[in-house]
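Novice: The structure's right below; bear with me while I get my questions together.
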Amino acid sequence: MKSNRFRQALSEKGMAVGHMITEFACRGTPHMLEVADLDFALIDCEHTGLGVGDVADLIGWFRATSVAPFVRVPQLQYHFIARTLDLGALGIMVPNVRNADEARAIVDAAKYAPLGKRGVGLGGANTDYRSVVPTEYIRSANQNTTVICQIESAEALDDLEAIASVPGVDVLWVGHFDLSQSMGIVGELDHPALLDALRRVARTAREHGLAAGVQPNSIEQTREWMELGFNVISCSNDKRLYSKALSSVAAEVRQNAP
C-alpha cells in the first residue's frame, strides 16, 4: 500500500506542507508537486467542477509519486467518503464539521471495523489492483488514512473539544473565510476574534495530539498563523497561483515594452 508522506512528515518534521488543486486536473500536476517537494495534495470537490473521473485520474497519477493525495468531498455523505478512498485517496477532508456526531460519522465512513463502518472493497485502486490479505490491508488502511475535519462555524467552535476527542480524527482545519462569515466578521482575517479562534483551534488540536491545518493567503499570513500553532499548511491553490504569477509576468512585460 502506498505510504502516506503527510503522516511521515508530521512524525519526522512536526509539520506538513501541501497544495490545493481546484482547476488543473492534468497528468503533469502530481509530478510538479513532487518536484516542489510537497507532502500532500488536496483535490477540491466542494468549490470546483472536478468530477469523479477527474479525481480518479489525479489520484492514479499521484500514486506514482511520493505526494499523498487527499480529497475534499462536497459534504458529509458516506458515498462521497468511502468511494473516494476506494479510488485510492489517502485522506479525506470534510467541510463544515459542526459537532462531534458529524466527526464520528466521518470516521465511520473512512475507517474499517473496528474503528468505523466502511464497506470493504478490495482489488481496485485502493490496493493498487493487487490481491491482498484482507486483515492486513484493513489494519494498514486504518492506520494510513488521514481524516481532516474543517472547522468553519461558530457552532463548531462551541463543540471543538468534543470534535477533537473523536477517535480517528487526525486534523482540525480552519476554513477561515467561512468561519469569519459565521462569526459575523466575513473577510476580516486580522480581526482579534478570528485570531483568537484560530489560536484556540491550534491549541485544542495540540492538546489532543492532532495536527492543525489552514490555507493562508500570503507568506506573511503563513508566518503569523504558524506562530499561532498551525503545523499543516496548504500553499494556496493552483488557480490562484497561476493567475497571480501570470498577472505579474504580463505586467512586467508591458512595463519593459519599448
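A note on labels: chains of the C-alpha cells are A, B, ... as shown, every chain counts residues from 1, and ligands are counted from 1 in their shown order.
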Using DSSP on the backbone coordinates, identify all residues within range 150-247 of chain A classified as strand (DSSP E); present the result as a list in words.
Specialist: Gln150, Ile151, Val171, Leu172, Trp173, Val174, Ala211, Ala212, Gly213, Val214, Val232, Ile233, Ser234, Cys235, Ser236 and Asn237 of chain A
Novice: Output the selection as a short mmCIF file (atom, residue, chain, number, x, y, z; two decimals), in the first residue's frame - N, CA and C atoms for each residue.
Specialist:
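Output file again-v5.cif is given in full below:
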data_model
loop_
_atom_site.label_atom_id
_atom_site.label_comp_id
_atom_site.auth_asym_id
_atom_site.auth_seq_id
_atom_site.Cartn_x
_atom_site.Cartn_y
_atom_site.Cartn_z
N GLN A 150 -12.98 20.09 8.87
CA GLN A 150 -12.89 21.54 8.73
C GLN A 150 -13.75 22.25 9.77
N ILE A 151 -13.14 23.17 10.47
CA ILE A 151 -13.82 23.99 11.47
C ILE A 151 -14.17 25.31 10.80
N VAL A 171 -6.83 15.76 11.94
CA VAL A 171 -6.51 17.16 11.71
C VAL A 171 -7.74 18.03 11.92
N LEU A 172 -7.57 19.14 12.64
CA LEU A 172 -8.57 20.20 12.69
C LEU A 172 -8.09 21.29 11.72
N TRP A 173 -8.90 21.58 10.72
CA TRP A 173 -8.50 22.51 9.65
C TRP A 173 -9.46 23.69 9.62
N VAL A 174 -8.95 24.87 9.78
CA VAL A 174 -9.80 26.06 9.78
C VAL A 174 -10.07 26.53 8.36
N ALA A 211 -3.12 17.41 14.44
CA ALA A 211 -2.48 18.48 13.68
C ALA A 211 -3.49 19.59 13.45
N ALA A 212 -2.98 20.80 13.20
CA ALA A 212 -3.82 21.97 12.93
C ALA A 212 -3.50 22.49 11.54
N GLY A 213 -4.51 22.54 10.65
CA GLY A 213 -4.28 22.91 9.27
C GLY A 213 -4.99 24.18 8.86
N VAL A 214 -4.43 24.83 7.82
CA VAL A 214 -5.00 26.07 7.32
C VAL A 214 -4.37 26.38 5.96
N VAL A 232 0.15 22.35 9.68
CA VAL A 232 -0.18 21.81 8.36
C VAL A 232 -0.60 22.99 7.49
N ILE A 233 0.19 23.24 6.46
CA ILE A 233 -0.01 24.43 5.64
C ILE A 233 -0.23 24.04 4.18
N SER A 234 -1.32 24.53 3.61
CA SER A 234 -1.55 24.39 2.17
C SER A 234 -1.09 25.67 1.49
N CYS A 235 -0.18 25.51 0.53
CA CYS A 235 0.36 26.66 -0.21
C CYS A 235 -0.60 27.07 -1.31
N SER A 236 -1.64 27.76 -0.97
CA SER A 236 -2.61 28.31 -1.90
C SER A 236 -3.24 27.21 -2.75
N ASN A 237 -3.90 27.61 -3.85
CA ASN A 237 -4.44 26.65 -4.80
C ASN A 237 -3.91 26.95 -6.20
#
Novice: List every residue of range 140-194 of chain A that DSSP, applied to the backbone of this structure, assigns to helix (DSSP H, G or I), and report them as a PyMOL selection string.
Specialist: chain A and resi 140-144+154-158+160-164+176-182+192-194
Novice: Could you dump the residues just selected with C-alpha atoms as a PDB file, in the first residue's frame?
Specialist:
ATOM      1  CA  SER A 140      -2.842  -0.836   7.292  1.00  0.00           C
ATOM      2  CA  ALA A 141      -5.604   1.276   5.733  1.00  0.00           C
ATOM      3  CA  ASN A 142      -6.966   2.295   9.127  1.00  0.00           C
ATOM      4  CA  GLN A 143      -3.508   3.461  10.173  1.00  0.00           C
ATOM      5  CA  ASN A 144      -2.702   5.111   6.841  1.00  0.00           C
ATOM      6  CA  ALA A 154     -19.281  29.247  15.494  1.00  0.00           C
ATOM      7  CA  GLU A 155     -21.185  26.031  16.218  1.00  0.00           C
ATOM      8  CA  ALA A 156     -18.024  24.006  15.600  1.00  0.00           C
ATOM      9  CA  LEU A 157     -16.088  26.268  17.970  1.00  0.00           C
ATOM     10  CA  ASP A 158     -18.681  25.569  20.642  1.00  0.00           C
ATOM     11  CA  LEU A 160     -14.434  21.933  19.467  1.00  0.00           C
ATOM     12  CA  GLU A 161     -13.235  19.829  22.398  1.00  0.00           C
ATOM     13  CA  ALA A 162     -15.713  17.079  21.585  1.00  0.00           C
ATOM     14  CA  ILE A 163     -14.792  17.080  17.884  1.00  0.00           C
ATOM     15  CA  ALA A 164     -11.104  16.809  18.734  1.00  0.00           C
ATOM     16  CA  HIS A 176     -11.054  30.913   7.667  1.00  0.00           C
ATOM     17  CA  PHE A 177     -13.426  32.688   5.279  1.00  0.00           C
ATOM     18  CA  ASP A 178     -16.418  30.557   6.241  1.00  0.00           C
ATOM     19  CA  LEU A 179     -15.508  30.810   9.920  1.00  0.00           C
ATOM     20  CA  SER A 180     -15.258  34.593   9.708  1.00  0.00           C
ATOM     21  CA  GLN A 181     -18.638  34.675   7.953  1.00  0.00           C
ATOM     22  CA  SER A 182     -20.208  32.550  10.684  1.00  0.00           C
ATOM     23  CA  PRO A 192      -8.983  39.819  17.091  1.00  0.00           C
ATOM     24  CA  ALA A 193     -11.956  37.468  17.457  1.00  0.00           C
ATOM     25  CA  LEU A 194     -10.915  35.427  14.415  1.00  0.00           C
TER      26      LEU A 194
END
Novice: Kindly indicate which residue among A:Ala197, A:Ala113, A:Val253, A:Cys26 lies nearest to Phe62 in chain A, using only C-alpha atoms for the distances.
Specialist: A:Cys26
Novice: With distances taken over only C-alpha atoms, which of A:Asp238, A:Thr222, A:Pro74, A:Ser11 is nearest to Pro30 in chain A?
Specialist: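 Comparing A:Asp238, A:Thr222, A:Pro74, A:Ser11 against Pro30 in chain A, the winner is A:Asp238.
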Novice: For a test of reading the model, state the distance in Å between CA of Arg200 in chain A and CA of Glu227 in chain A, rounded to one decimal.
Specialist: 12.5 Å
Novice: Within 6 Å of range 43-46 of chain A, counting only C-alpha atoms, which residues qualify if same-chain residues fewer than 5 places away don't, as a ChimeraX atom specification?
Specialist: /A:20-22,71-74
Novice: Export C-alpha atoms of the chosen residues as an mmCIF file, in the first residue's frame?
Specialist:
data_model
loop_
_atom_site.group_PDB
_atom_site.id
_atom_site.type_symbol
_atom_site.label_atom_id
_atom_site.label_comp_id
_atom_site.auth_asym_id
_atom_site.auth_seq_id
_atom_site.Cartn_x
_atom_site.Cartn_y
_atom_site.Cartn_z
ATOM 1 C CA MET A 20 -4.873 22.526 -3.201
ATOM 2 C CA ILE A 21 -5.937 21.516 -6.714
ATOM 3 C CA THR A 22 -9.058 23.271 -7.958
ATOM 4 C CA VAL A 71 -9.707 14.866 -1.386
ATOM 5 C CA ARG A 72 -12.096 17.467 -0.011
ATOM 6 C CA VAL A 73 -15.517 15.941 -0.597
ATOM 7 C CA PRO A 74 -18.563 18.181 -1.213
#
Novice: Closest to Leu76 in chain A among A:Ala245, A:Ile59, A:Ile106, A:Leu10, using only C-alpha atoms?
Specialist: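 Checking each candidate against Leu76 in chain A, we get A:Ile106 as the closest.
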Novice: In terms of the shortest atom-to-atom distance over only C-alpha atoms, which of A:Val132, A:Val97, A:Leu195, A:Met226 is closest to Val147 in chain A?
Specialist: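 That would be A:Val97, the residue with the smallest distance to Val147 in chain A.
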Novice: In Å, with one decimal, what is the gap from CA of Glu224 in chain A to CA of Thr204 in chain A?
Specialist: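 CA of Thr204 in chain A lies 17.8 Å from CA of Glu224 in chain A.
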Novice: Considering only C-alpha atoms, return as a PyMOL selection string whatever protein or nucleic-acid residues lie within 10 Å of Phe6 in chain A, sequence-local ones (same chain, fewer than 4 positions apart) excluded.
Specialist: chain A and resi 10-11+15-18+38-41+66-70+90-91+144+146+232
Novice: Could you check which of A:Asn126, A:Gln221, A:Gly51, A:Gly121 is closest to Leu87 in chain A, using only C-alpha atoms?
Specialist: A:Asn126
